[in-house]
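Student: Got a file for you: input-v8.pdb, PDB, C-alpha atoms, pLDDT in the B column.
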ATOM      1  CA  MET A   1       1.930  -8.214  14.480  1.00 62.00           C
ATOM      2  CA  SER A   2       3.183  -4.830  15.599  1.00 74.00           C
ATOM      3  CA  ILE A   3       2.049  -1.881  13.482  1.00 81.00           C
ATOM      4  CA  ASP A   4       4.641   0.793  12.713  1.00 83.00           C
ATOM      5  CA  VAL A   5       4.086   3.994  14.721  1.00 87.00           C
ATOM      6  CA  ASP A   6       4.420   6.120  11.547  1.00 86.00           C
ATOM      7  CA  ILE A   7       1.474   4.270  10.026  1.00 88.00           C
ATOM      8  CA  GLN A   8      -0.589   4.626  13.200  1.00 90.00           C
ATOM      9  CA  SER A   9       0.085   8.353  13.527  1.00 89.00           C
ATOM     10  CA  SER A  10      -0.586   9.009   9.840  1.00 89.00           C
ATOM     11  CA  LEU A  11      -3.889   7.159  10.065  1.00 92.00           C
ATOM     12  CA  TYR A  12      -4.818   9.119  13.181  1.00 92.00           C
ATOM     13  CA  TYR A  13      -4.254  12.376  11.270  1.00 90.00           C
ATOM     14  CA  TYR A  14      -7.032  11.231   8.899  1.00 92.00           C
ATOM     15  CA  ASP A  15      -9.259  10.128  11.829  1.00 94.00           C
ATOM     16  CA  LEU A  16      -8.622   6.456  11.065  1.00 95.00           C
ATOM     17  CA  THR A  17      -7.268   3.532  13.024  1.00 94.00           C
ATOM     18  CA  ILE A  18      -6.258   0.033  12.017  1.00 93.00           C
ATOM     19  CA  VAL A  19      -7.551  -3.342  13.200  1.00 93.00           C
ATOM     20  CA  GLU A  20      -5.737  -6.586  12.501  1.00 92.00           C
ATOM     21  CA  ARG A  21      -7.873  -9.294  10.922  1.00 91.00           C
ATOM     22  CA  GLU A  22      -7.047 -12.804   9.736  1.00 90.00           C
ATOM     23  CA  ASN A  23      -4.273 -13.856   7.320  1.00 90.00           C
ATOM     24  CA  ASN A  24      -2.151 -10.714   7.789  1.00 88.00           C
ATOM     25  CA  LEU A  25      -4.964  -8.483   6.553  1.00 94.00           C
ATOM     26  CA  PHE A  26      -6.115  -5.291   8.204  1.00 94.00           C
ATOM     27  CA  CYS A  27      -9.188  -3.060   8.188  1.00 94.00           C
ATOM     28  CA  LEU A  28      -9.232   0.682   8.469  1.00 94.00           C
ATOM     29  CA  VAL A  29     -11.820   2.056  10.883  1.00 96.00           C
ATOM     30  CA  ASP A  30     -13.169   5.611  10.689  1.00 95.00           C
ATOM     31  CA  LEU A  31     -12.921   7.059  14.211  1.00 96.00           C
ATOM     32  CA  LYS A  32     -15.763   9.519  13.630  1.00 96.00           C
ATOM     33  CA  THR A  33     -18.348   7.211  12.086  1.00 96.00           C
ATOM     34  CA  GLY A  34     -17.167   3.752  13.194  1.00 95.00           C
ATOM     35  CA  GLU A  35     -17.312   2.567   9.566  1.00 95.00           C
ATOM     36  CA  TRP A  36     -15.027  -0.350   8.695  1.00 95.00           C
ATOM     37  CA  TYR A  37     -13.256  -0.435   5.347  1.00 92.00           C
ATOM     38  CA  GLU A  38     -12.281  -3.495   3.357  1.00 90.00           C
ATOM     39  CA  LYS A  39      -9.522  -5.887   4.382  1.00 92.00           C
ATOM     40  CA  MET A  40      -6.141  -4.898   2.984  1.00 94.00           C
ATOM     41  CA  THR A  41      -2.446  -5.541   3.435  1.00 93.00           C
ATOM     42  CA  ILE A  42      -0.043  -3.240   5.257  1.00 92.00           C
ATOM     43  CA  TYR A  43       1.661  -2.599   1.918  1.00 92.00           C
ATOM     44  CA  TYR A  44      -1.598  -1.283   0.434  1.00 93.00           C
ATOM     45  CA  ILE A  45      -2.242   0.890   3.510  1.00 92.00           C
ATOM     46  CA  GLN A  46       1.280   2.347   3.233  1.00 91.00           C
ATOM     47  CA  ARG A  47       0.687   3.185  -0.438  1.00 92.00           C
ATOM     48  CA  LEU A  48      -2.625   4.884   0.410  1.00 91.00           C
ATOM     49  CA  LEU A  49      -0.980   6.944   3.132  1.00 91.00           C
ATOM     50  CA  ASP A  50       1.919   7.864   0.843  1.00 88.00           C
ATOM     51  CA  LEU A  51      -0.566   9.096  -1.752  1.00 89.00           C
ATOM     52  CA  TRP A  52      -2.659  11.038   0.772  1.00 87.00           C
ATOM     53  CA  ASN A  53       0.422  12.557   2.425  1.00 82.00           C
ATOM     54  CA  THR A  54       1.841  13.567  -0.943  1.00 84.00           C
ATOM     55  CA  LYS A  55      -1.423  15.278  -1.857  1.00 82.00           C
ATOM     56  CA  ARG A  56      -1.392  17.247   1.396  1.00 79.00           C
ATOM     57  CA  GLY A  57       2.267  18.148   0.865  1.00 72.00           C
ATOM     58  CA  ASN A  58       4.008  15.957   3.445  1.00 56.00           C
ATOM     59  CA  ILE A  59       6.777  13.438   3.070  1.00 55.00           C
ATOM     60  CA  GLY A  60       5.506   9.862   2.669  1.00 54.00           C
ATOM     61  CA  ILE A  61       6.139   7.003   5.054  1.00 56.00           C
ATOM     62  CA  ILE A  62       9.642   5.600   4.744  1.00 55.00           C
ATOM     63  CA  SER A  63       9.663   1.827   4.625  1.00 53.00           C
TER      64      SER A  63
END
Written as structure tokens, that's how I'd like the structure from this file.
Tutor:
Amino acid sequence: MSIDVDIQSSLYYYDLTIVERENNLFCLVDLKTGEWYEKMTIYYIQRLLDLWNTKRGNIGIIS
């Protein structure tokens, strides 16, 4: 599955990247610490980024 470039760049802003796992689930990986976060759907990741971007004053990801 191809990950949208807006999602990738937003994650990079927060020093995160995304790794595809099984059954259309993904893990976020902290680029500084190497810590892996729980498996989640792209929809959930988009909602997280929308929330974080709103809190920092940017426009959310357009789906």
Student: Could you state which residues are captured by the PyMOL selection byres ((chain A and resi 5-11) around 9) in this file, as a ChimeraX atom specification?
Tutor: /A:2-4,12-18,28,45-46,49,53,61-62
Student: Suppose you want the space between CA of Asn23 (chain A) and CA of Tyr37 (chain A); what is it in Å?
Tutor: 16.3 Å
Student: Go ahead and compute the interatomic distance for CA of Arg56 (chain A) and CA of Asn24 (chain A), in Å to one decimal.
Tutor: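 Straight-line distance from CA of Arg56 (chain A) to CA of Asn24 (chain A) works out to 28.7 Å.
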Student: Let me know the residues the PyMOL selection byres ((chain A and resi 38) around 12) catches in the file above, as a short mmCIF file (atom, residue, chain, number, x, y, z; two decimals) with C-alpha atoms, in the coordinates of the input.
Tutor:
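What landed in selection.cif:
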data_model
loop_
_atom_site.label_atom_id
_atom_site.label_comp_id
_atom_site.auth_asym_id
_atom_site.auth_seq_id
_atom_site.Cartn_x
_atom_site.Cartn_y
_atom_site.Cartn_z
CA ILE A 18 -6.26 0.03 12.02
CA VAL A 19 -7.55 -3.34 13.20
CA GLU A 20 -5.74 -6.59 12.50
CA ARG A 21 -7.87 -9.29 10.92
CA LEU A 25 -4.96 -8.48 6.55
CA PHE A 26 -6.12 -5.29 8.20
CA CYS A 27 -9.19 -3.06 8.19
CA LEU A 28 -9.23 0.68 8.47
CA VAL A 29 -11.82 2.06 10.88
CA ASP A 30 -13.17 5.61 10.69
CA GLU A 35 -17.31 2.57 9.57
CA TRP A 36 -15.03 -0.35 8.70
CA TYR A 37 -13.26 -0.44 5.35
CA LYS A 39 -9.52 -5.89 4.38
CA MET A 40 -6.14 -4.90 2.98
CA THR A 41 -2.45 -5.54 3.44
CA TYR A 44 -1.60 -1.28 0.43
CA ILE A 45 -2.24 0.89 3.51
#
Student: Using the file's own x, y and z axes, so that the box edges lie along x, y and z, what centre and edge lengths in Å (one decimal) does a box around every listed atom of region 5-15 of chain A get when 6 Å is added on each side? Give it as AutoDock Vina command-line options.
Tutor:
--center_x -2.4 --center_y 8.2 --center_z 11.8 --size_x 25.7 --size_y 20.4 --size_z 17.8
